[in-house]
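Asks: This one is final_14.txt, compact mmCIF, C-alpha atoms and all ligand atoms.
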# COMPACT_ATOMS: atom_id res chain seq x y z
CA MET A 1 -8.18 -29.42 -72.18
CA LEU A 2 -9.07 -26.63 -74.58
CA VAL A 3 -8.36 -23.01 -73.62
CA ARG A 4 -10.42 -20.85 -75.92
CA GLY A 5 -10.33 -17.24 -77.07
CA GLY A 6 -7.48 -15.90 -74.93
CA ARG A 7 -4.65 -13.59 -75.87
CA ILE A 8 -1.74 -15.98 -75.99
CA VAL A 9 1.51 -14.26 -75.06
CA ASP A 10 4.61 -16.41 -75.42
CA PRO A 11 7.83 -14.40 -75.78
CA ARG A 12 9.86 -17.51 -76.66
CA GLN A 13 7.71 -18.03 -79.78
CA ARG A 14 7.28 -14.29 -80.36
CA LEU A 15 3.58 -14.95 -80.18
CA ASP A 16 1.03 -12.37 -79.06
CA ALA A 17 -2.31 -13.17 -80.68
CA LEU A 18 -5.83 -14.44 -80.05
CA ARG A 19 -5.56 -18.20 -80.28
CA ASP A 20 -6.92 -21.39 -78.81
CA LEU A 21 -4.64 -23.82 -77.05
CA ARG A 22 -5.02 -27.55 -76.45
CA THR A 23 -3.33 -29.75 -73.87
CA GLU A 24 -3.26 -33.52 -73.63
CA GLY A 25 -2.02 -35.17 -70.48
CA ASP A 26 0.71 -32.94 -69.11
CA ARG A 27 1.78 -31.42 -72.46
CA ILE A 28 0.73 -28.68 -74.83
CA VAL A 29 -0.25 -30.29 -78.12
CA GLU A 30 -1.76 -27.58 -80.31
CA ILE A 31 -2.12 -23.83 -80.74
CA GLY A 32 -4.42 -22.54 -83.45
CA GLU A 33 -7.46 -20.56 -84.45
CA HIS A 34 -10.98 -21.86 -84.01
CA LEU A 35 -10.01 -25.19 -82.49
CA ARG A 36 -13.15 -27.27 -81.90
CA ALA A 37 -13.81 -28.93 -78.60
CA ARG A 38 -13.72 -32.69 -78.72
CA ALA A 39 -16.24 -34.86 -76.95
CA GLY A 40 -15.51 -34.90 -73.24
CA GLU A 41 -12.82 -32.26 -73.46
CA GLU A 42 -12.64 -29.78 -70.59
CA THR A 43 -12.85 -26.24 -71.95
CA ILE A 44 -11.82 -22.97 -70.39
CA ASP A 45 -13.26 -19.78 -71.86
CA ALA A 46 -10.33 -17.34 -71.72
CA VAL A 47 -11.93 -14.46 -73.65
CA GLY A 48 -10.57 -11.22 -72.23
CA TRP A 49 -7.69 -12.94 -70.50
CA VAL A 50 -4.00 -13.25 -71.25
CA VAL A 51 -2.86 -16.88 -71.55
CA ALA A 52 0.82 -17.16 -70.68
CA PRO A 53 3.40 -19.86 -70.01
CA GLY A 54 3.19 -20.88 -66.34
CA PHE A 55 4.78 -18.27 -64.11
CA ILE A 56 7.96 -19.17 -62.25
CA ASP A 57 8.95 -17.74 -58.88
CA ALA A 58 12.62 -18.56 -58.55
CA HIS A 59 13.03 -17.19 -55.03
CA VAL A 60 10.67 -18.50 -52.36
CA HIS A 61 11.00 -19.81 -48.82
CA LEU A 62 8.79 -22.86 -48.28
CA ARG A 63 10.13 -23.50 -44.75
CA GLU A 64 9.98 -27.29 -44.91
CA PRO A 65 11.57 -29.01 -43.09
CA GLY A 66 11.86 -27.32 -39.73
CA PHE A 67 9.56 -24.31 -39.84
CA GLU A 68 6.19 -25.82 -40.71
CA ALA A 69 4.37 -23.27 -38.56
CA LYS A 70 5.47 -20.61 -41.05
CA GLU A 71 4.72 -22.58 -44.27
CA THR A 72 4.72 -26.08 -45.71
CA LEU A 73 5.19 -27.40 -49.21
CA ALA A 74 1.39 -27.80 -49.31
CA SER A 75 0.45 -24.32 -48.09
CA GLY A 76 3.26 -22.71 -50.08
CA THR A 77 2.24 -24.35 -53.34
CA ALA A 78 -1.44 -23.55 -52.64
CA ALA A 79 -0.33 -19.92 -52.35
CA ALA A 80 1.73 -20.33 -55.52
CA VAL A 81 -1.14 -21.45 -57.73
CA ARG A 82 -3.43 -18.74 -56.33
CA GLY A 83 -0.71 -16.29 -57.27
CA GLY A 84 -0.40 -17.73 -60.80
CA PHE A 85 2.83 -19.64 -60.23
CA THR A 86 3.24 -23.14 -61.60
CA THR A 87 6.92 -23.51 -60.65
CA LEU A 88 8.90 -22.49 -57.59
CA CYS A 89 12.56 -22.57 -56.69
CA ALA A 90 12.83 -23.13 -52.95
CA MET A 91 15.57 -21.62 -50.83
CA PRO A 92 17.57 -23.88 -48.50
CA ASN A 93 17.37 -21.93 -45.23
CA THR A 94 15.35 -24.67 -43.60
CA GLU A 95 16.22 -26.71 -40.48
CA PRO A 96 18.27 -28.66 -41.28
CA ALA A 97 19.50 -26.69 -44.27
CA ILE A 98 19.13 -28.25 -47.71
CA ASP A 99 22.80 -29.09 -48.15
CA GLY A 100 22.82 -32.80 -49.05
CA VAL A 101 21.50 -35.04 -51.80
CA GLU A 102 18.81 -36.67 -49.60
CA MET A 103 17.45 -33.30 -48.57
CA VAL A 104 17.43 -32.04 -52.16
CA ALA A 105 15.53 -35.12 -53.26
CA ARG A 106 13.09 -34.74 -50.35
CA VAL A 107 11.95 -31.21 -51.16
CA GLY A 108 12.20 -31.45 -54.95
CA PHE A 109 8.95 -32.03 -56.87
CA PRO A 110 9.62 -31.75 -60.60
CA ALA A 111 5.91 -32.55 -61.04
CA PRO A 112 3.01 -31.73 -58.71
CA ASN A 113 2.08 -34.44 -56.23
CA ARG A 114 -1.54 -34.35 -55.07
CA GLU A 115 -1.09 -37.04 -52.41
CA ARG A 116 1.56 -34.88 -50.79
CA GLY A 117 -0.54 -31.74 -51.31
CA VAL A 118 2.11 -30.27 -53.61
CA LEU A 119 0.19 -28.30 -56.25
CA ALA A 120 3.09 -26.70 -58.14
CA ARG A 121 6.50 -27.86 -59.31
CA ILE A 122 9.30 -27.30 -56.81
CA PHE A 123 12.96 -27.14 -57.82
CA PRO A 124 15.34 -26.91 -54.86
CA ILE A 125 18.12 -24.41 -54.53
CA ALA A 126 20.78 -26.15 -52.44
CA ALA A 127 22.97 -24.43 -49.89
CA MET A 128 26.23 -22.95 -51.13
CA THR A 129 28.16 -24.01 -48.00
CA ARG A 130 27.63 -26.77 -45.42
CA ALA A 131 24.79 -25.84 -43.05
CA ARG A 132 24.88 -22.37 -44.65
CA ALA A 133 27.68 -21.62 -42.25
CA GLY A 134 29.91 -19.94 -44.84
CA ARG A 135 32.92 -22.17 -44.28
CA GLU A 136 32.80 -25.42 -46.21
CA VAL A 137 32.29 -25.93 -49.93
CA LEU A 138 29.89 -28.74 -50.93
CA ASP A 139 29.93 -31.43 -53.59
CA TYR A 140 27.98 -29.43 -56.18
CA PRO A 141 27.88 -31.99 -59.02
CA SER A 142 26.15 -34.57 -56.82
CA LEU A 143 23.64 -31.95 -55.65
CA VAL A 144 22.89 -31.04 -59.27
CA ALA A 145 22.43 -34.72 -60.05
CA ALA A 146 19.93 -34.91 -57.17
CA GLY A 147 17.94 -32.01 -58.62
CA ALA A 148 19.43 -28.77 -57.30
CA VAL A 149 19.08 -25.98 -59.88
CA ALA A 150 21.29 -23.39 -58.17
CA PHE A 151 23.17 -22.74 -54.94
CA SER A 152 22.62 -20.11 -52.29
CA ASP A 153 23.10 -19.35 -48.61
CA ASP A 154 20.22 -16.89 -48.97
CA GLY A 155 19.36 -15.20 -45.74
CA SER A 156 23.09 -14.90 -45.10
CA THR A 157 26.18 -13.88 -47.00
CA VAL A 158 29.36 -15.93 -47.19
CA ALA A 159 31.43 -13.49 -45.17
CA ASP A 160 34.83 -14.94 -46.05
CA ALA A 161 35.82 -13.80 -49.54
CA ARG A 162 38.26 -16.66 -49.90
CA VAL A 163 35.53 -19.23 -49.25
CA MET A 164 33.29 -17.40 -51.72
CA ARG A 165 35.99 -17.61 -54.37
CA GLU A 166 36.33 -21.33 -53.70
CA VAL A 167 32.56 -21.74 -54.09
CA LEU A 168 32.61 -19.90 -57.40
CA ARG A 169 35.62 -21.87 -58.65
CA ALA A 170 33.85 -25.13 -57.88
CA LEU A 171 30.64 -23.94 -59.56
CA ALA A 172 32.27 -22.49 -62.68
CA PRO A 173 32.27 -25.71 -64.74
CA LEU A 174 28.67 -26.57 -63.81
CA ASP A 175 26.84 -23.70 -65.49
CA ARG A 176 24.66 -23.33 -62.41
CA PRO A 177 24.61 -19.95 -60.68
CA ALA A 178 25.63 -19.00 -57.19
CA ILE A 179 22.68 -16.95 -55.94
CA VAL A 180 24.08 -14.14 -53.86
CA HIS A 181 22.38 -12.70 -50.80
CA ALA A 182 24.44 -9.53 -50.56
CA GLU A 183 24.64 -8.13 -47.06
CA ASP A 184 27.90 -7.48 -45.25
CA ALA A 185 27.19 -8.57 -41.68
CA ALA A 186 29.67 -6.15 -40.13
CA LEU A 187 28.27 -3.13 -41.97
CA LYS A 188 24.74 -4.25 -41.27
CA GLY A 189 25.42 -4.62 -37.55
CA SER A 190 22.14 -4.67 -35.70
CA GLY A 191 20.36 -2.75 -38.48
CA VAL A 192 16.65 -3.49 -38.74
CA MET A 193 15.85 -1.22 -41.69
CA HIS A 194 17.57 0.92 -44.31
CA GLU A 195 20.05 3.37 -42.77
CA GLY A 196 18.91 6.84 -43.70
CA ALA A 197 16.70 9.75 -42.74
CA VAL A 198 13.82 7.49 -41.66
CA SER A 199 15.93 5.23 -39.42
CA ALA A 200 17.43 8.35 -37.86
CA ARG A 201 13.97 9.80 -37.25
CA LEU A 202 12.76 6.55 -35.72
CA GLY A 203 15.95 6.19 -33.69
CA VAL A 204 16.55 2.61 -34.79
CA PRO A 205 19.80 1.09 -36.13
CA GLY A 206 19.98 0.98 -39.91
CA SER A 207 21.73 -1.21 -42.47
CA PRO A 208 23.44 1.00 -45.04
CA ALA A 209 23.14 0.56 -48.79
CA SER A 210 26.90 -0.11 -48.78
CA ALA A 211 26.29 -3.35 -46.84
CA GLU A 212 24.66 -4.69 -50.01
CA GLU A 213 26.75 -2.89 -52.60
CA SER A 214 30.14 -3.90 -51.20
CA ILE A 215 29.20 -7.59 -51.40
CA VAL A 216 27.68 -7.19 -54.88
CA ALA A 217 30.97 -5.60 -56.00
CA ARG A 218 33.06 -8.29 -54.30
CA ASP A 219 31.14 -11.18 -55.80
CA LEU A 220 31.02 -9.67 -59.29
CA ILE A 221 34.79 -9.21 -59.19
CA LEU A 222 35.28 -12.78 -57.98
CA ALA A 223 32.94 -14.06 -60.70
CA LEU A 224 34.95 -12.18 -63.31
CA GLU A 225 38.15 -13.63 -61.93
CA VAL A 226 37.09 -17.27 -61.95
CA GLY A 227 34.52 -17.25 -64.77
CA ALA A 228 31.59 -18.45 -62.67
CA ARG A 229 27.94 -17.52 -62.96
CA VAL A 230 26.44 -15.34 -60.24
CA HIS A 231 22.84 -14.33 -59.78
CA ILE A 232 22.27 -11.32 -57.52
CA ALA A 233 19.11 -11.94 -55.50
CA HIS A 234 16.65 -9.17 -54.56
CA VAL A 235 18.67 -6.20 -55.84
CA SER A 236 17.60 -3.21 -53.76
CA THR A 237 19.81 -0.22 -54.55
CA ALA A 238 20.56 1.93 -57.56
CA ARG A 239 24.29 1.38 -57.12
CA SER A 240 23.94 -2.40 -57.03
CA MET A 241 22.32 -2.07 -60.45
CA GLU A 242 25.17 0.13 -61.68
CA LEU A 243 27.66 -2.49 -60.51
CA ILE A 244 25.78 -5.26 -62.34
CA VAL A 245 25.80 -3.21 -65.54
CA TRP A 246 29.52 -2.53 -65.02
CA ALA A 247 30.23 -6.25 -64.67
CA ARG A 248 28.12 -7.13 -67.70
CA GLU A 249 30.10 -4.68 -69.79
CA ARG A 250 33.13 -6.72 -68.80
CA ARG A 251 31.39 -9.93 -69.85
CA ALA A 252 30.72 -11.24 -66.37
CA ARG A 253 28.15 -14.03 -66.35
CA VAL A 254 25.75 -12.20 -64.09
CA THR A 255 21.99 -12.22 -63.80
CA CYS A 256 19.70 -10.57 -61.26
CA GLU A 257 16.17 -10.36 -59.95
CA VAL A 258 13.97 -7.75 -58.31
CA THR A 259 11.09 -8.14 -55.86
CA PRO A 260 7.66 -6.48 -55.90
CA HIS A 261 8.33 -4.71 -52.61
CA HIS A 262 11.62 -3.16 -53.68
CA LEU A 263 9.91 -1.82 -56.81
CA LEU A 264 7.07 -0.23 -54.86
CA PHE A 265 7.99 0.62 -51.27
CA THR A 266 10.52 2.84 -49.56
CA ASP A 267 11.88 2.93 -46.01
CA GLU A 268 8.95 5.18 -45.15
CA ALA A 269 6.81 2.03 -45.15
CA VAL A 270 8.63 0.95 -41.99
CA GLU A 271 7.48 4.15 -40.30
CA GLU A 272 3.92 3.46 -41.44
CA PHE A 273 3.64 -0.32 -41.00
CA GLY A 274 6.40 -1.22 -38.55
CA ALA A 275 7.39 -4.89 -38.50
CA ARG A 276 5.04 -5.64 -41.40
CA ALA A 277 7.54 -3.84 -43.65
CA LYS A 278 10.68 -5.41 -42.12
CA VAL A 279 12.58 -7.32 -44.78
CA ASN A 280 16.10 -8.13 -45.96
CA PRO A 281 17.44 -6.39 -47.90
CA PRO A 282 15.53 -3.49 -46.40
CA LEU A 283 13.17 -1.20 -48.28
CA ARG A 284 15.33 1.64 -49.56
CA THR A 285 14.79 5.16 -50.88
CA ALA A 286 12.45 6.49 -53.57
CA ALA A 287 15.47 7.00 -55.84
CA ASP A 288 16.46 3.34 -55.42
CA ALA A 289 12.95 2.08 -56.21
CA ARG A 290 12.83 4.35 -59.26
CA ALA A 291 16.21 3.06 -60.45
CA LEU A 292 14.97 -0.53 -60.14
CA ARG A 293 11.85 0.23 -62.19
CA ASP A 294 14.05 1.94 -64.79
CA ALA A 295 16.32 -1.11 -64.81
CA VAL A 296 13.34 -3.36 -65.55
CA ARG A 297 12.28 -1.12 -68.44
CA ALA A 298 15.84 -1.08 -69.76
CA GLY A 299 16.01 -4.89 -69.76
CA ALA A 300 18.73 -4.97 -67.09
CA ILE A 301 16.73 -7.18 -64.70
CA ASP A 302 16.55 -10.83 -65.72
CA PHE A 303 13.38 -11.79 -63.88
CA PHE A 304 10.90 -10.91 -61.17
CA ALA A 305 11.00 -12.92 -57.92
CA SER A 306 8.81 -12.50 -54.86
CA ASP A 307 11.23 -13.57 -52.10
CA HIS A 308 8.11 -15.09 -50.50
CA ALA A 309 9.25 -15.26 -46.85
CA PRO A 310 6.29 -16.27 -44.68
CA HIS A 311 6.37 -16.08 -40.90
CA THR A 312 3.68 -16.65 -38.27
CA ASP A 313 1.52 -13.72 -37.18
CA ALA A 314 3.14 -13.83 -33.75
CA GLU A 315 6.62 -13.58 -35.26
CA LYS A 316 5.57 -10.57 -37.35
CA SER A 317 3.79 -8.69 -34.58
CA GLY A 318 5.84 -7.20 -31.79
CA ASP A 319 8.41 -4.49 -32.10
CA LEU A 320 10.63 -3.76 -35.05
CA ALA A 321 13.85 -4.96 -33.41
CA HIS A 322 12.54 -8.43 -32.57
CA ALA A 323 10.07 -9.17 -35.37
CA ALA A 324 10.92 -11.75 -38.03
CA VAL A 325 12.43 -10.54 -41.29
CA GLY A 326 10.48 -10.90 -44.54
CA PHE A 327 6.88 -11.39 -45.56
CA THR A 328 4.54 -13.43 -47.70
CA GLY A 329 4.67 -12.62 -51.42
CA LEU A 330 3.34 -15.28 -53.77
CA GLU A 331 -0.27 -14.12 -53.76
CA ILE A 332 0.37 -10.42 -54.41
CA ALA A 333 3.33 -10.66 -56.79
CA VAL A 334 1.62 -10.60 -60.19
CA GLY A 335 -0.65 -7.70 -59.28
CA ALA A 336 2.20 -5.82 -57.66
CA TYR A 337 4.52 -6.14 -60.67
CA ALA A 338 1.74 -4.73 -62.84
CA ARG A 339 1.15 -1.89 -60.41
CA ALA A 340 4.86 -1.04 -60.34
CA LEU A 341 5.22 -1.09 -64.12
CA PRO A 342 1.83 -0.39 -65.67
CA ASP A 343 3.26 0.42 -69.09
CA LEU A 344 5.56 -2.57 -69.46
CA PRO A 345 4.82 -4.32 -72.77
CA MET A 346 2.90 -7.53 -72.12
CA SER A 347 5.54 -9.76 -73.71
CA ASP A 348 8.20 -8.25 -71.41
CA PHE A 349 5.94 -8.80 -68.41
CA VAL A 350 5.50 -12.47 -69.31
CA ALA A 351 9.21 -12.92 -70.01
CA LEU A 352 10.04 -11.48 -66.56
CA CYS A 353 7.44 -13.73 -64.87
CA SER A 354 8.29 -16.94 -66.72
CA THR A 355 10.51 -17.25 -69.76
CA ARG A 356 13.66 -15.69 -68.40
CA ALA A 357 13.72 -17.59 -65.12
CA ALA A 358 13.32 -20.83 -67.07
CA GLU A 359 16.30 -19.88 -69.21
CA VAL A 360 18.55 -18.66 -66.41
CA LEU A 361 17.88 -21.68 -64.17
CA ARG A 362 17.37 -24.21 -66.97
CA LEU A 363 13.91 -25.18 -65.83
CA PRO A 364 11.27 -26.91 -67.91
CA GLY A 365 8.52 -24.56 -69.11
CA GLY A 366 8.71 -20.86 -69.80
CA THR A 367 6.96 -21.37 -73.14
CA LEU A 368 3.65 -22.57 -74.57
CA ALA A 369 5.32 -24.25 -77.55
CA VAL A 370 3.86 -27.55 -78.69
CA GLY A 371 5.51 -30.28 -76.64
CA ALA A 372 6.18 -28.01 -73.64
CA PRO A 373 4.73 -28.82 -70.19
CA ALA A 374 1.07 -27.84 -69.92
CA ASP A 375 1.79 -25.15 -67.32
CA ILE A 376 -0.40 -22.15 -68.04
CA THR A 377 -1.10 -18.90 -66.20
CA MET A 378 -4.22 -16.94 -67.16
CA PHE A 379 -4.80 -13.43 -65.91
CA SER A 380 -6.92 -10.38 -66.55
CA GLU A 381 -6.81 -6.66 -65.88
CA ARG A 382 -9.53 -7.03 -63.25
CA PRO A 383 -8.56 -4.95 -60.21
CA TRP A 384 -8.70 -6.63 -56.82
CA ARG A 385 -7.97 -5.74 -53.22
CA VAL A 386 -5.32 -7.51 -51.12
CA ASP A 387 -7.02 -9.25 -48.19
CA PRO A 388 -4.56 -11.42 -46.23
CA ALA A 389 -7.47 -13.29 -44.62
CA ARG A 390 -7.97 -14.93 -48.02
CA PHE A 391 -4.36 -16.04 -48.47
CA ALA A 392 -3.55 -19.72 -48.77
CA SER A 393 -0.07 -19.00 -47.40
CA LYS A 394 0.35 -19.26 -43.66
CA GLY A 395 2.14 -15.93 -43.84
CA ARG A 396 -0.38 -13.09 -43.54
CA ALA A 397 1.77 -10.06 -42.88
CA THR A 398 2.37 -7.88 -45.93
CA PRO A 399 2.81 -4.17 -46.49
CA PHE A 400 0.50 -4.64 -49.49
CA GLU A 401 -2.48 -5.29 -47.20
CA GLY A 402 -5.47 -3.30 -48.44
CA TRP A 403 -3.82 -2.26 -51.71
CA GLU A 404 -5.77 -2.38 -54.94
CA LEU A 405 -3.78 -4.24 -57.59
CA PRO A 406 -4.57 -3.94 -61.29
CA ARG A 407 -3.89 -7.47 -62.57
CA CYS A 408 -5.61 -10.61 -61.36
CA VAL A 409 -4.80 -14.29 -61.78
CA GLU A 410 -7.89 -16.01 -63.19
CA ALA A 411 -6.71 -19.60 -63.60
CA THR A 412 -3.56 -21.65 -63.11
CA VAL A 413 -2.95 -24.94 -64.89
CA VAL A 414 -0.11 -27.18 -63.74
CA ALA A 415 0.85 -30.29 -65.70
CA GLY A 416 -2.43 -30.17 -67.62
CA ARG A 417 -4.76 -29.85 -64.62
CA VAL A 418 -6.54 -26.79 -63.27
CA ALA A 419 -4.85 -26.07 -59.95
CA TYR A 420 -6.61 -22.77 -59.27
CA ARG A 421 -9.61 -20.93 -60.61
CA ALA A 422 -10.54 -17.45 -59.36
CA GLU A 423 -14.03 -16.69 -58.15
CA GLY A 424 -15.71 -13.80 -59.88
CA GLY A 425 -13.76 -13.96 -63.13
CA THR A 426 -15.58 -12.54 -66.15
CA SER A 427 -14.87 -15.53 -68.38
CA GLY A 428 -15.65 -19.13 -67.60
CA SER A 429 -17.61 -22.10 -68.80
O1 LIG B 1 13.44 -10.86 -45.59
C1 LIG B 1 14.01 -11.93 -45.77
N1 LIG B 1 13.53 -13.06 -45.23
N2 LIG B 1 15.15 -11.97 -46.48
C2 LIG B 1 15.89 -13.08 -46.58
O2 LIG B 1 16.88 -13.06 -47.26
C3 LIG B 1 15.52 -14.31 -45.85
C4 LIG B 1 14.06 -14.32 -45.63
C5 LIG B 1 13.61 -15.40 -44.69
O3 LIG B 1 14.03 -16.53 -44.83
O4 LIG B 1 12.72 -15.12 -43.87
I need this file expressed as structure tokens, please.
Replies:
Amino acid sequence: MLVRGGRIVDPRQRLDALRDLRTEGDRIVEIGEHLRARAGEETIDAVGWVVAPGFIDAHVHLREPGFEAKETLASGTAAAVRGGFTTLCAMPNTEPAIDGVEMVARVGFPAPNRERGVLARIFPIAAMTRARAGREVLDYPSLVAAGAVAFSDDGSTVADARVMREVLRALAPLDRPAIVHAEDAALKGSGVMHEGAVSARLGVPGSPASAEESIVARDLILALEVGARVHIAHVSTARSMELIVWARERRARVTCEVTPHHLLFTDEAVEEFGARAKVNPPLRTAADARALRDAVRAGAIDFFASDHAPHTDAEKSGDLAHAAVGFTGLEIAVGAYARALPDLPMSDFVALCSTRAAEVLRLPGGTLAVGAPADITMFSERPWRVDPARFASKGRATPFEGWELPRCVEATVVAGRVAYRAEGGTSGS
């Protein structure tokens, strides 16, 4: 395949230039100027588009096995490629949880698999404790050998600090991070949104910022003590960011991610949209969202992640207290990141969408270098409107419904094959 005339942005190669790019089979074989199409070669006219290494979403819930009404590997990867993602890391809060080698092997797809309907690469994140129950440490080396790229009880926090220290001790020699879902269950109580002026006005129980921050502090201190790697998932408060910076200054091996919704929404969205804006960690204050955007600009966030958490329409309708927590994210993420940070340099944007996650989680890809996997995300600055009826994900609820987003995925290539092509793009052949 020949991709012609695009602006190739590859932070790993420090490349930002108009170039042509050739793939053969599932690899990138050539980048150059004025490459000529060979007989029978598929060509993509990318004039006006950015051509980037395939985007990686390192925090998604694909729901298989156990919750196929919410999402499947097929529908989730269809949503991924529409959203520009060629690689996903799937969280283990399935039923049963992904806590054994057979399960890891079952949901891992290091290459797409058309017979199975898997359009993107899937790398499993295994549970941190047996059945995600927060009590029993697992055999991490065998899970890594089976294909796990990290460990997390995401959706819950390991409440017992002693168990968490044991987890981190066991992980320390493996150079694979513990991905921390930071939410102290006791402080959270029955909270259904951020505890603050809006929750008080609505008369609903809130989860305070300290429920997140106290666990972030605890796990950073434990990581410093035992020398393990921790990755703080979906950072949502200004103080969590301050704690991460504090730990980095002390040479903790800590990385972190931020979601589109925490960059753009506040707890006021819950007043406006109700259950559609219910998510963990909850949407916080304007000052928190601003601090997260500042942290991205300052280089303190390692990568973007959508926390794609699809639920059925029925689960997301109903009242705030009973509605499911989380919402679909893969198909709005790229546009939303651009809307949150319109002035971010393009190479930083691509690094946050691809390169850095590949480095942190040691995934293939993240670059368009010759010899790298032919995973390519092409996008333009064509504005588009979020219409959940057009989603490939089974999850339709999103607070972004109806928003106009300024960046649009035009084509997604996975392992050398076009997995998605937008309608109405300005380029094309
Ligand atoms: O909103 C959320 N939904 N946050 C989580 O951590 C879990 C997720 C889910 O699995 O639905």
Asks: Could I get the residue neighbourhood of ligand LIG 1 (chain B) at 7 Å, counting all atoms listed in the file, as a list of chain:residue names?
Replies: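 Listing the residues within 7 Å of ligand LIG 1 (chain B) gives A:His61, A:Asn93, A:Asp154, A:Gly155, A:Ser156, A:His181, A:Val279, A:Asn280, A:Pro281, A:Ala309, A:Pro310, A:Ala324, A:Val325, A:Gly326, A:Phe327.
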Asks: Give as an mmCIF file with C-alpha atoms, in the frame of the given file every residue, naming chains and numbers as the document does, that has an atom within 12 Å of (11.5, 7.1, -40.9), counting all atoms listed in the file.
Replies:
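Dumped everything to part.cif:
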data_model
loop_
_atom_site.group_PDB
_atom_site.id
_atom_site.type_symbol
_atom_site.label_atom_id
_atom_site.label_comp_id
_atom_site.auth_asym_id
_atom_site.auth_seq_id
_atom_site.Cartn_x
_atom_site.Cartn_y
_atom_site.Cartn_z
ATOM 1 C CA VAL A 192 16.650 -3.490 -38.740
ATOM 2 C CA MET A 193 15.850 -1.220 -41.690
ATOM 3 C CA HIS A 194 17.570 0.920 -44.310
ATOM 4 C CA GLU A 195 20.050 3.370 -42.770
ATOM 5 C CA GLY A 196 18.910 6.840 -43.700
ATOM 6 C CA ALA A 197 16.700 9.750 -42.740
ATOM 7 C CA VAL A 198 13.820 7.490 -41.660
ATOM 8 C CA SER A 199 15.930 5.230 -39.420
ATOM 9 C CA ALA A 200 17.430 8.350 -37.860
ATOM 10 C CA ARG A 201 13.970 9.800 -37.250
ATOM 11 C CA LEU A 202 12.760 6.550 -35.720
ATOM 12 C CA GLY A 203 15.950 6.190 -33.690
ATOM 13 C CA VAL A 204 16.550 2.610 -34.790
ATOM 14 C CA PRO A 205 19.800 1.090 -36.130
ATOM 15 C CA GLY A 206 19.980 0.980 -39.910
ATOM 16 C CA THR A 266 10.520 2.840 -49.560
ATOM 17 C CA ASP A 267 11.880 2.930 -46.010
ATOM 18 C CA GLU A 268 8.950 5.180 -45.150
ATOM 19 C CA ALA A 269 6.810 2.030 -45.150
ATOM 20 C CA VAL A 270 8.630 0.950 -41.990
ATOM 21 C CA GLU A 271 7.480 4.150 -40.300
ATOM 22 C CA GLU A 272 3.920 3.460 -41.440
ATOM 23 C CA PHE A 273 3.640 -0.320 -41.000
ATOM 24 C CA GLY A 274 6.400 -1.220 -38.550
ATOM 25 C CA ALA A 277 7.540 -3.840 -43.650
ATOM 26 C CA LEU A 283 13.170 -1.200 -48.280
ATOM 27 C CA ARG A 284 15.330 1.640 -49.560
ATOM 28 C CA THR A 285 14.790 5.160 -50.880
#
Asks: Which residues of range 314-410 of chain A come within 8 Å of range 140-153 of chain A, and for each one, what is the closest pair of atoms and their distance in Å to one decimal, counting all atoms listed in the file, sorted by chain and residue number, as CSV?
Replies:
residue,atom,partner,partner_atom,distance
A:Leu361,CA,A:Val149,CA,6.2
A:Arg362,CA,A:Val149,CA,7.5
A:Leu363,CA,A:Val149,CA,7.9
Asks: Counting all atoms listed in the file, which of A:Pro342, A:Gly5, A:Gly424, A:Pro282 gets nearest to Leu21 in chain A?
Replies: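 Checking each candidate against Leu21 in chain A, we get A:Gly5 as the closest.
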Asks: Report the distance between CA of Gly84 in chain A and CA of Gly416 in chain A in Å, rounded to one decimal place.
Replies: 14.3 Å
Asks: So, counting only C-alpha atoms, which residue among A:Pro388, A:Pro364, A:Pro345, A:Pro11 is closest to Leu88 in chain A?
Replies: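 Nearest to Leu88 in chain A: A:Pro364.
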Asks: Could you state the separation of CA of Gly402 in chain A and CA of Arg385 in chain A in Å, given to one decimal place?
Replies: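 A separation of 5.9 Å between them.
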Asks: Quote the spacing between CA of Ala58 in chain A and CA of Pro124 in chain A in Å to one decimal place.
Replies: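 Going from CA of Ala58 in chain A over to CA of Pro124 in chain A covers 9.5 Å.
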Asks: Would you kindly identify which residues have an atom no farther than 12 Å from (3.3, -26.6, -49.7), using all atoms listed in the file and the file's own coordinates, and write them out as a PyMOL selection string?
Replies: chain A and resi 60-65+67-81+87-88+90+107-109+112-122+310+392-394
Asks: Pick the closest to Thr412 in chain A from A:Val163, A:Ala238, A:Val226, A:Ile56: which is it, counting all atoms listed in the file?
Replies: A:Ile56
Asks: I'd like to know which of A:Gly329, A:Trp403, A:Arg356, A:Ala351 is closest to Arg14 in chain A, using only C-alpha atoms.
Replies: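 Selected residue with least distance to Arg14 in chain A: A:Ala351.
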Asks: Excluding Val235 in chain A and any residue of its chain fewer than 6 positions from it, enumerate the residues within 8 Å of it, using all atoms listed in the file, and give them as a list in words.
Replies: Met241, Cys256, Glu257, Val258, Thr259 and His262 of chain A
Asks: Excluding Ala170 in chain A and residues on its chain fewer than 4 positions from it, collect all residues at most 9 Å away from it, counting only C-alpha atoms, and give them as a list in words.
Replies: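 Counting only C-alpha atoms, the residues come to Val137, Leu138, Asp139, Tyr140, Arg165, Glu166, Leu174 and Ala228 of chain A.
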Asks: When distances are computed from only C-alpha atoms, which of A:Val216, A:Leu341, A:Ala397, A:Ala131 shows the smallest separation from Arg276 in chain A?
Replies: A:Ala397
Asks: With distances taken over only C-alpha atoms, which of A:Glu401, A:Glu136, A:Glu331, A:Asp57 is nearest to Cys353 in chain A?
Replies: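 The closest residue to Cys353 in chain A is A:Asp57.
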Asks: Name all residues at most 9 Å from Ala291 in chain A (count all atoms listed in the file; drop same-chain ones fewer than 5 positions away) and give them as a ChimeraX atom specification.
Replies: /A:237-239,241,263,286,296
